[in-house]
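Asks: Below is the file upload-v2.cif, which contains mmCIF, C-alpha atoms and all ligand atoms.
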```cif
data_coords
#
loop_
_atom_site.label_atom_id
_atom_site.label_comp_id
_atom_site.auth_asym_id
_atom_site.auth_seq_id
_atom_site.Cartn_x
_atom_site.Cartn_y
_atom_site.Cartn_z
CA ASP A 1419 0.00 0.00 0.00
CA MET A 1420 1.17 3.53 -0.75
CA PRO A 1421 -0.96 5.73 1.47
CA LEU A 1422 -2.08 9.08 0.11
CA THR A 1423 -0.23 11.93 1.77
CA GLY A 1424 -1.53 15.43 2.41
CA GLU A 1425 -3.42 17.59 4.87
CA TYR A 1426 -7.00 16.62 5.73
CA ALA A 1427 -9.59 19.23 4.78
CA PRO A 1428 -12.97 18.64 6.45
CA SER A 1429 -16.11 18.50 4.33
CA THR A 1430 -18.46 21.46 4.49
CA SER A 1431 -21.36 19.02 4.95
CA ASP A 1432 -21.64 18.79 8.75
CA PHE A 1433 -23.41 15.44 8.97
CA ALA A 1434 -21.04 13.73 6.57
CA ARG A 1435 -17.98 15.38 8.09
CA ASN A 1436 -19.03 14.19 11.53
CA GLN A 1437 -19.61 10.65 10.31
CA ALA A 1438 -16.22 10.53 8.55
CA GLU A 1439 -14.40 11.88 11.62
CA VAL A 1440 -16.12 9.58 14.15
CA TYR A 1441 -15.51 6.63 11.83
CA GLU A 1442 -11.82 7.31 11.30
CA GLN A 1443 -11.08 8.43 14.87
CA SER A 1444 -12.68 5.25 16.25
CA GLY A 1445 -10.53 3.08 13.98
CA GLY A 1446 -13.65 2.08 12.09
CA THR A 1447 -15.58 0.81 15.13
CA GLU A 1448 -18.10 3.69 15.40
CA GLY A 1449 -20.16 5.67 12.91
CA THR A 1450 -20.02 2.73 10.53
CA MET A 1451 -23.75 2.52 9.76
CA LEU A 1452 -26.50 4.63 8.23
CA HIS A 1453 -30.15 3.53 8.02
CA GLY A 1454 -28.97 0.15 9.32
CA ARG A 1455 -26.59 -0.33 6.39
CA PRO A 1456 -22.77 -0.36 6.43
CA VAL A 1457 -20.82 2.76 5.50
CA VAL A 1458 -17.25 3.14 4.21
CA ILE A 1459 -14.96 6.18 4.15
CA LEU A 1460 -13.45 7.25 0.84
CA THR A 1461 -10.38 9.47 0.86
CA THR A 1462 -9.77 11.46 -2.32
CA VAL A 1463 -7.23 14.14 -3.21
CA GLY A 1464 -8.93 17.52 -3.69
CA ALA A 1465 -8.73 18.37 -7.41
CA ARG A 1466 -7.92 21.98 -6.62
CA SER A 1467 -6.62 22.06 -3.04
CA GLY A 1468 -4.61 18.83 -3.19
CA LYS A 1469 -5.87 18.25 0.36
CA LEU A 1470 -7.28 14.92 1.55
CA ARG A 1471 -11.08 14.84 1.45
CA LYS A 1472 -12.92 12.16 3.41
CA THR A 1473 -16.38 11.14 2.31
CA ALA A 1474 -18.76 8.70 4.01
CA LEU A 1475 -20.44 6.44 1.43
CA MET A 1476 -22.64 3.35 1.51
CA ARG A 1477 -20.60 0.12 1.36
CA VAL A 1478 -20.93 -1.77 -1.93
CA GLU A 1479 -18.51 -4.72 -2.07
CA HIS A 1480 -18.05 -7.81 -4.21
CA ASP A 1481 -15.12 -10.25 -4.07
CA GLY A 1482 -12.83 -7.72 -2.44
CA ASP A 1483 -13.57 -4.96 -4.96
CA TYR A 1484 -15.76 -2.03 -3.98
CA ALA A 1485 -18.00 0.38 -5.82
CA VAL A 1486 -18.70 3.97 -4.82
CA VAL A 1487 -21.89 5.62 -6.03
CA ALA A 1488 -21.94 9.39 -6.65
CA SER A 1489 -25.66 9.59 -5.86
CA LEU A 1490 -25.83 12.68 -3.64
CA GLY A 1491 -29.45 11.72 -2.92
CA GLY A 1492 -30.45 12.11 -6.55
CA ALA A 1493 -29.38 15.78 -6.70
CA PRO A 1494 -29.06 17.29 -10.20
CA LYS A 1495 -25.27 17.71 -9.88
CA HIS A 1496 -22.46 15.27 -9.14
CA PRO A 1497 -20.87 15.48 -5.68
CA VAL A 1498 -17.52 17.28 -5.67
CA TRP A 1499 -15.60 14.10 -4.77
CA TYR A 1500 -16.64 12.72 -8.19
CA PHE A 1501 -14.37 15.30 -9.85
CA ASN A 1502 -11.57 14.61 -7.35
CA ILE A 1503 -11.49 10.99 -8.50
CA LEU A 1504 -11.41 12.01 -12.18
CA ALA A 1505 -8.35 14.15 -11.39
CA GLN A 1506 -6.65 11.55 -9.17
CA PRO A 1507 -7.97 7.95 -9.40
CA HIS A 1508 -5.69 6.77 -6.56
CA VAL A 1509 -8.03 6.72 -3.55
CA GLU A 1510 -8.14 5.14 -0.10
CA LEU A 1511 -11.13 3.28 1.23
CA GLN A 1512 -11.74 2.40 4.87
CA ASP A 1513 -14.16 -0.45 5.51
CA GLY A 1514 -14.42 -0.86 9.28
CA PRO A 1515 -10.85 -1.17 10.64
CA GLN A 1516 -9.48 -2.04 7.16
CA LYS A 1517 -8.01 0.79 5.09
CA HIS A 1518 -6.38 0.17 1.71
CA ASP A 1519 -5.36 1.90 -1.52
CA TYR A 1520 -7.44 1.49 -4.66
CA LEU A 1521 -7.51 2.67 -8.24
CA ALA A 1522 -10.96 4.02 -9.07
CA ARG A 1523 -12.40 3.46 -12.53
CA GLU A 1524 -15.76 4.80 -13.70
CA VAL A 1525 -17.86 1.94 -15.09
CA THR A 1526 -20.34 2.04 -17.97
CA GLY A 1527 -22.54 -0.35 -19.98
CA GLU A 1528 -22.89 -3.94 -18.84
CA GLU A 1529 -20.26 -3.57 -16.11
CA LYS A 1530 -22.16 -0.62 -14.66
CA ARG A 1531 -25.45 -2.52 -14.86
CA VAL A 1532 -23.93 -5.36 -12.80
CA TRP A 1533 -22.47 -3.01 -10.20
CA TRP A 1534 -25.64 -0.88 -10.09
CA GLU A 1535 -27.58 -4.04 -9.16
CA ARG A 1536 -25.08 -4.74 -6.37
CA ALA A 1537 -25.34 -1.12 -5.20
CA VAL A 1538 -29.15 -1.20 -5.02
CA GLU A 1539 -28.96 -4.51 -3.15
CA ALA A 1540 -26.58 -2.92 -0.63
CA PHE A 1541 -28.66 0.28 -0.33
CA PRO A 1542 -32.14 0.18 -1.94
CA ASN A 1543 -32.50 3.99 -1.74
CA TYR A 1544 -30.12 4.27 -4.70
CA ALA A 1545 -32.94 3.11 -7.02
CA GLY A 1546 -35.18 5.96 -5.89
CA TYR A 1547 -32.36 8.48 -6.24
CA GLN A 1548 -31.81 7.49 -9.87
CA GLU A 1549 -35.56 7.69 -10.58
CA LYS A 1550 -35.79 11.24 -9.28
CA THR A 1551 -33.08 12.73 -11.49
CA ASP A 1552 -32.18 12.61 -15.17
CA ARG A 1553 -28.53 12.89 -14.12
CA GLU A 1554 -27.02 9.46 -14.70
CA ILE A 1555 -25.60 8.59 -11.27
CA PRO A 1556 -21.93 7.60 -11.76
CA VAL A 1557 -20.43 4.43 -10.31
CA PHE A 1558 -16.71 3.85 -9.79
CA VAL A 1559 -15.24 0.41 -9.21
CA LEU A 1560 -12.28 0.46 -6.82
CA GLU A 1561 -9.62 -2.13 -7.59
CA ARG A 1562 -7.03 -2.91 -4.94
CA MET A 1563 -3.60 -1.42 -5.79
C1 LIG A 1601 -20.25 19.01 0.64
C2 LIG A 1601 -19.15 18.71 -0.33
O1 LIG A 1601 -19.00 17.30 -0.40
P1 LIG A 1601 -19.10 16.47 -1.76
O2 LIG A 1601 -17.72 16.03 -2.15
O3 LIG A 1601 -19.92 17.18 -2.79
O4 LIG A 1601 -19.89 15.15 -1.27
C3 LIG A 1601 -21.27 15.26 -0.97
C4 LIG A 1601 -21.76 13.94 -0.42
O5 LIG A 1601 -21.59 12.92 -1.40
C5 LIG A 1601 -21.01 13.57 0.84
O6 LIG A 1601 -21.36 14.47 1.85
C6 LIG A 1601 -21.32 12.14 1.27
O7 LIG A 1601 -20.60 11.85 2.46
C7 LIG A 1601 -22.83 11.97 1.56
N1 LIG A 1601 -23.12 10.49 1.60
C8 LIG A 1601 -23.21 9.82 0.40
N2 LIG A 1601 -23.07 10.52 -0.77
C9 LIG A 1601 -23.12 9.85 -1.97
O8 LIG A 1601 -22.99 10.49 -3.02
N3 LIG A 1601 -23.30 8.48 -2.02
C10 LIG A 1601 -23.45 7.74 -0.90
O9 LIG A 1601 -23.57 6.50 -0.97
C11 LIG A 1601 -23.42 8.41 0.38
C12 LIG A 1601 -23.58 7.73 1.61
C13 LIG A 1601 -23.44 8.42 2.82
C14 LIG A 1601 -23.51 7.73 4.06
C15 LIG A 1601 -23.33 8.42 5.26
C16 LIG A 1601 -23.10 9.81 5.25
O10 LIG A 1601 -22.91 10.48 6.40
C17 LIG A 1601 -23.04 10.52 4.04
C18 LIG A 1601 -23.21 9.83 2.82
C19 LIG A 1601 -17.84 19.28 0.14
O11 LIG A 1601 -17.25 18.73 1.06
N4 LIG A 1601 -17.42 20.37 -0.48
C20 LIG A 1601 -16.18 21.01 -0.07
C21 LIG A 1601 -15.15 20.89 -1.19
C22 LIG A 1601 -14.72 19.47 -1.27
C23 LIG A 1601 -13.66 19.27 -2.31
O12 LIG A 1601 -13.37 18.14 -2.61
N5 LIG A 1601 -13.04 20.37 -2.86
C24 LIG A 1601 -12.04 20.22 -3.90
C25 LIG A 1601 -12.20 21.36 -4.91
C26 LIG A 1601 -13.50 21.29 -5.59
C27 LIG A 1601 -13.58 22.41 -6.62
O13 LIG A 1601 -13.09 22.19 -7.74
O14 LIG A 1601 -14.07 23.49 -6.23
C28 LIG A 1601 -10.62 20.34 -3.36
O15 LIG A 1601 -10.41 20.15 -2.16
O16 LIG A 1601 -9.72 20.60 -4.15
C29 LIG A 1601 -16.44 22.47 0.17
O17 LIG A 1601 -17.58 22.90 -0.11
O18 LIG A 1601 -15.50 23.13 0.65
#
```
Rewrite the structure of this file - the entire thing - as structure tokens.
Replies:
Amino acid sequence: DMPLTGEYAPSTSDFARNQAEVYEQSGGTEGTMLHGRPVVILTTVGARSGKLRKTALMRVEHDGDYAVVASLGGAPKHPVWYFNILAQPHVELQDGPQKHDYLAREVTGEEKRVWWERAVEAFPNYAGYQEKTDREIPVFVLERM
């Protein structure tokens, strides 16, 4: 593993910032759930600041690979972390006490359909988010580095 280096810059979304900080400061033993479903913490490099951004996301996992879903509750615009990944696909993901380095790759077509199914299984709300917006909600697959 080659951990990302840089200064942490807290999110401006209070709820998500709090969840990311409780999660990480507890070594992945607290703040690991939302609506009864498991949460992971994604660390991206800020596309402009170069600082480390930590984002709580629903956990979507299959055979050791993960997917992260840029749903933002079905908002019309992508979350900012989406653009951070495009600029720097090397990310970190913490799942409970486990934290590793991954290369994030946006998926499309059949591969996206398969991962979207896994995402909705992990967190059914994703289906409703996609129905409420004509923005196509992006999915990245994270492959272990
Ligand atoms: C609020 C904003 O965050 P965001 O990157 O848009 O991400 C929005 C949300 O996706 C984020 O809050 C998620 O944690 C919300 N969220 C989920 N969001 C999802 O999209 N999908 C999920 O599955 C999900 C699950 C989830 C579970 C628990 C929880 O607490 C939150 C959850 C933010 O932090 N903005 C910063 C900037 C962040 C940033 O990366 N800046 C870049 C520059 C950006 C630019 O170019 O201006 C930089 O540092 O260089 C700011 O306003 O200063």
Asks: Please list as a ChimeraX atom specification every residue within 9 Å of range 1453-1467 of chain A, counting only C-alpha atoms and excluding residues in the same chain fewer than 4 positions away.
Replies: /A:1422-1424,1427,1437-1438,1441-1442,1446,1449,1471-1478,1486,1498-1499,1501-1514,1517,1540-1541
Asks: Counting all atoms listed in the file, which residue out of A:Asp1481, A:His1496, A:Gln1443, A:Glu1448 sits closest to ligand LIG 1601 (chain A)?
Replies: A:His1496
Asks: If you measure from atom O1 of ligand LIG 1601 (chain A) to CA of Ser1429 in chain A, what distance in Å do you get, rounded to one decimal?
Replies: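 Those two atoms sit 5.7 Å apart.
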Asks: Return the single residue from A:Pro1497, A:Ala1485, A:Met1420, A:Val1440 that is closest to ligand LIG 1601 (chain A), with distances computed using all atoms listed in the file.
Replies: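 When distances to ligand LIG 1601 (chain A) are compared using all atoms listed in the file, the smallest one comes from A:Pro1497.
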Asks: Atom O5 of ligand LIG 1601 (chain A) and CA of Tyr1426 in chain A are how many Å apart?
Replies: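 One can read the atom O5 of ligand LIG 1601 (chain A) to CA of Tyr1426 in chain A distance as 16.7 Å.
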Asks: Could you check the closest approach to ligand LIG 1601 (chain A) for each of A:Ser1489, A:Thr1551, A:Ser1444, A:Asn1543 and tell me which residue wins, using all atoms listed in the file?
Replies: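 Using all atoms listed in the file, ligand LIG 1601 (chain A) sits closest to A:Ser1489.
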Asks: Separation of atom C29 of ligand LIG 1601 (chain A) and CA of Gly1492 in chain A, in Å?
Replies: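 Result for atom C29 of ligand LIG 1601 (chain A) versus CA of Gly1492 in chain A: 18.7 Å, one decimal.
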Asks: Taking into account all atoms listed in the file, which residue in the set A:His1480, A:His1518, A:Arg1523, A:Arg1562 is nearest to Ala1537 in chain A?
Replies: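 Looking only at the distances to Ala1537 in chain A, the closest residue turns out to be A:His1480.
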Asks: Box along x, y and z, 6 Å on every side, all listed atoms of range 1524-1538 of chain A inside: centre and edge lengths in Å to one decimal, as JSON.
Replies:
```
{"center_x": -22.5, "center_y": -0.3, "center_z": -12.5, "size_x": 25.4, "size_y": 22.2, "size_z": 27.0}
```
Asks: Compare A:Asp1552, A:Asn1436, A:Glu1425, A:Ala1522 by their minimum atom-to-atom distance to Lys1495 in chain A, counting all atoms listed in the file, and give me the closest one.
Replies: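 Residue with the minimum atom-to-atom distance to Lys1495 in chain A: A:Asp1552.
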Asks: Within 10 Å of (-27.3, 0.6, -11.7) in the file's own coordinates, which protein, DNA or RNA residues have an atom, counting all atoms listed in the file? List them as a short mmCIF file (atom, residue, chain, number, x, y, z; two decimals) with C-alpha atoms, in the coordinates of the input.
Replies:
```cif
data_model
loop_
_atom_site.label_atom_id
_atom_site.label_comp_id
_atom_site.auth_asym_id
_atom_site.auth_seq_id
_atom_site.Cartn_x
_atom_site.Cartn_y
_atom_site.Cartn_z
CA VAL A 1487 -21.89 5.62 -6.03
CA THR A 1526 -20.34 2.04 -17.97
CA GLY A 1527 -22.54 -0.35 -19.98
CA GLU A 1528 -22.89 -3.94 -18.84
CA GLU A 1529 -20.26 -3.57 -16.11
CA LYS A 1530 -22.16 -0.62 -14.66
CA ARG A 1531 -25.45 -2.52 -14.86
CA VAL A 1532 -23.93 -5.36 -12.80
CA TRP A 1533 -22.47 -3.01 -10.20
CA TRP A 1534 -25.64 -0.88 -10.09
CA GLU A 1535 -27.58 -4.04 -9.16
CA ARG A 1536 -25.08 -4.74 -6.37
CA ALA A 1537 -25.34 -1.12 -5.20
CA VAL A 1538 -29.15 -1.20 -5.02
CA TYR A 1544 -30.12 4.27 -4.70
CA ALA A 1545 -32.94 3.11 -7.02
CA GLN A 1548 -31.81 7.49 -9.87
CA GLU A 1554 -27.02 9.46 -14.70
CA ILE A 1555 -25.60 8.59 -11.27
CA PRO A 1556 -21.93 7.60 -11.76
CA VAL A 1557 -20.43 4.43 -10.31
#
```
Asks: Pick from A:Pro1421, A:Pro1494, A:Pro1515, A:Gly1445: nearest to ligand LIG 1601 (chain A), with only C-alpha atoms and all ligand atoms counted?
Replies: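 Ranking A:Pro1421, A:Pro1494, A:Pro1515, A:Gly1445 by distance to ligand LIG 1601 (chain A), first place goes to A:Pro1494.
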Asks: Rebuild range 1434-1445 of chain A to all heavy atoms - output it as a PDB file, keeping the file's coordinate frame, please.
Replies:
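The result, written out as part.pdb:
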```pdb
ATOM      1  N   ALA A1434     -21.990  14.655   7.191  1.00  0.00           N
ATOM      2  CA  ALA A1434     -21.040  13.730   6.570  1.00  0.00           C
ATOM      3  C   ALA A1434     -19.654  13.907   7.181  1.00  0.00           C
ATOM      4  O   ALA A1434     -18.948  12.938   7.434  1.00  0.00           O
ATOM      5  CB  ALA A1434     -20.988  13.962   5.065  1.00  0.00           C
ATOM      6  N   ARG A1435     -19.296  15.167   7.484  1.00  0.00           N
ATOM      7  CA  ARG A1435     -17.980  15.380   8.090  1.00  0.00           C
ATOM      8  C   ARG A1435     -17.927  14.662   9.438  1.00  0.00           C
ATOM      9  O   ARG A1435     -16.982  13.964   9.753  1.00  0.00           O
ATOM     10  CB  ARG A1435     -17.697  16.868   8.304  1.00  0.00           C
ATOM     11  CG  ARG A1435     -16.318  17.097   8.923  1.00  0.00           C
ATOM     12  CD  ARG A1435     -16.017  18.541   9.245  1.00  0.00           C
ATOM     13  NE  ARG A1435     -16.934  19.054  10.252  1.00  0.00           N
ATOM     14  CZ  ARG A1435     -17.804  20.044  10.025  1.00  0.00           C
ATOM     15  NH1 ARG A1435     -17.836  20.623   8.841  1.00  0.00           N
ATOM     16  NH2 ARG A1435     -18.615  20.436  10.962  1.00  0.00           N
ATOM     17  N   ASN A1436     -18.994  14.806  10.203  1.00  0.00           N
ATOM     18  CA  ASN A1436     -19.030  14.190  11.530  1.00  0.00           C
ATOM     19  C   ASN A1436     -18.912  12.672  11.419  1.00  0.00           C
ATOM     20  O   ASN A1436     -18.114  12.040  12.109  1.00  0.00           O
ATOM     21  CB  ASN A1436     -20.326  14.578  12.249  1.00  0.00           C
ATOM     22  CG  ASN A1436     -20.357  13.975  13.652  1.00  0.00           C
ATOM     23  OD1 ASN A1436     -19.424  14.179  14.435  1.00  0.00           O
ATOM     24  ND2 ASN A1436     -21.371  13.184  13.918  1.00  0.00           N
ATOM     25  N   GLN A1437     -19.661  12.117  10.450  1.00  0.00           N
ATOM     26  CA  GLN A1437     -19.610  10.650  10.310  1.00  0.00           C
ATOM     27  C   GLN A1437     -18.198  10.205   9.921  1.00  0.00           C
ATOM     28  O   GLN A1437     -17.663   9.257  10.485  1.00  0.00           O
ATOM     29  CB  GLN A1437     -20.613  10.169   9.248  1.00  0.00           C
ATOM     30  CG  GLN A1437     -20.553   8.665   9.030  1.00  0.00           C
ATOM     31  CD  GLN A1437     -21.903   8.007   8.923  1.00  0.00           C
ATOM     32  OE1 GLN A1437     -22.874   8.616   8.469  1.00  0.00           O
ATOM     33  NE2 GLN A1437     -22.002   6.775   9.363  1.00  0.00           N
ATOM     34  N   ALA A1438     -17.562  10.921   9.002  1.00  0.00           N
ATOM     35  CA  ALA A1438     -16.220  10.530   8.550  1.00  0.00           C
ATOM     36  C   ALA A1438     -15.227  10.637   9.713  1.00  0.00           C
ATOM     37  O   ALA A1438     -14.374   9.761   9.885  1.00  0.00           O
ATOM     38  CB  ALA A1438     -15.791  11.420   7.386  1.00  0.00           C
ATOM     39  N   GLU A1439     -15.366  11.681  10.528  1.00  0.00           N
ATOM     40  CA  GLU A1439     -14.400  11.880  11.620  1.00  0.00           C
ATOM     41  C   GLU A1439     -14.599  10.860  12.734  1.00  0.00           C
ATOM     42  O   GLU A1439     -13.639  10.268  13.223  1.00  0.00           O
ATOM     43  CB  GLU A1439     -14.471  13.325  12.117  1.00  0.00           C
ATOM     44  CG  GLU A1439     -13.902  14.284  11.052  1.00  0.00           C
ATOM     45  CD  GLU A1439     -13.895  15.756  11.465  1.00  0.00           C
ATOM     46  OE1 GLU A1439     -14.438  16.078  12.542  1.00  0.00           O
ATOM     47  OE2 GLU A1439     -13.348  16.572  10.689  1.00  0.00           O
ATOM     48  N   VAL A1440     -15.857  10.581  13.095  1.00  0.00           N
ATOM     49  CA  VAL A1440     -16.120   9.580  14.150  1.00  0.00           C
ATOM     50  C   VAL A1440     -15.610   8.217  13.676  1.00  0.00           C
ATOM     51  O   VAL A1440     -14.928   7.481  14.393  1.00  0.00           O
ATOM     52  CB  VAL A1440     -17.631   9.503  14.474  1.00  0.00           C
ATOM     53  CG1 VAL A1440     -17.984   8.253  15.262  1.00  0.00           C
ATOM     54  CG2 VAL A1440     -18.074  10.761  15.202  1.00  0.00           C
ATOM     55  N   TYR A1441     -15.896   7.927  12.415  1.00  0.00           N
ATOM     56  CA  TYR A1441     -15.510   6.630  11.830  1.00  0.00           C
ATOM     57  C   TYR A1441     -13.995   6.451  11.916  1.00  0.00           C
ATOM     58  O   TYR A1441     -13.483   5.491  12.466  1.00  0.00           O
ATOM     59  CB  TYR A1441     -15.962   6.641  10.359  1.00  0.00           C
ATOM     60  CG  TYR A1441     -16.042   5.297   9.656  1.00  0.00           C
ATOM     61  CD1 TYR A1441     -17.254   4.857   9.127  1.00  0.00           C
ATOM     62  CD2 TYR A1441     -14.929   4.493   9.460  1.00  0.00           C
ATOM     63  CE1 TYR A1441     -17.357   3.645   8.434  1.00  0.00           C
ATOM     64  CE2 TYR A1441     -15.021   3.289   8.778  1.00  0.00           C
ATOM     65  CZ  TYR A1441     -16.239   2.876   8.265  1.00  0.00           C
ATOM     66  OH  TYR A1441     -16.341   1.682   7.579  1.00  0.00           O
ATOM     67  N   GLU A1442     -13.290   7.455  11.386  1.00  0.00           N
ATOM     68  CA  GLU A1442     -11.820   7.310  11.300  1.00  0.00           C
ATOM     69  C   GLU A1442     -11.193   7.372  12.696  1.00  0.00           C
ATOM     70  O   GLU A1442     -10.303   6.586  13.026  1.00  0.00           O
ATOM     71  CB  GLU A1442     -11.247   8.400  10.392  1.00  0.00           C
ATOM     72  CG  GLU A1442      -9.867   8.022   9.890  1.00  0.00           C
ATOM     73  CD  GLU A1442      -9.410   8.883   8.718  1.00  0.00           C
ATOM     74  OE1 GLU A1442      -9.347  10.119   8.887  1.00  0.00           O
ATOM     75  OE2 GLU A1442      -9.129   8.310   7.658  1.00  0.00           O
ATOM     76  N   GLN A1443     -11.701   8.285  13.546  1.00  0.00           N
ATOM     77  CA  GLN A1443     -11.080   8.430  14.870  1.00  0.00           C
ATOM     78  C   GLN A1443     -11.352   7.223  15.764  1.00  0.00           C
ATOM     79  O   GLN A1443     -10.617   6.953  16.694  1.00  0.00           O
ATOM     80  CB  GLN A1443     -11.547   9.750  15.532  1.00  0.00           C
ATOM     81  CG  GLN A1443     -10.795  10.954  14.916  1.00  0.00           C
ATOM     82  CD  GLN A1443     -11.541  12.274  15.029  1.00  0.00           C
ATOM     83  OE1 GLN A1443     -12.465  12.382  15.831  1.00  0.00           O
ATOM     84  NE2 GLN A1443     -11.158  13.251  14.227  1.00  0.00           N
ATOM     85  N   SER A1444     -12.391   6.443  15.429  1.00  0.00           N
ATOM     86  CA  SER A1444     -12.680   5.250  16.250  1.00  0.00           C
ATOM     87  C   SER A1444     -12.025   4.002  15.639  1.00  0.00           C
ATOM     88  O   SER A1444     -12.313   2.878  16.039  1.00  0.00           O
ATOM     89  CB  SER A1444     -14.206   5.038  16.312  1.00  0.00           C
ATOM     90  OG  SER A1444     -14.668   4.627  15.026  1.00  0.00           O
ATOM     91  N   GLY A1445     -11.183   4.231  14.630  1.00  0.00           N
ATOM     92  CA  GLY A1445     -10.530   3.080  13.980  1.00  0.00           C
ATOM     93  C   GLY A1445     -11.557   2.193  13.288  1.00  0.00           C
ATOM     94  O   GLY A1445     -11.395   0.974  13.208  1.00  0.00           O
TER      95      GLY A1445
END
```
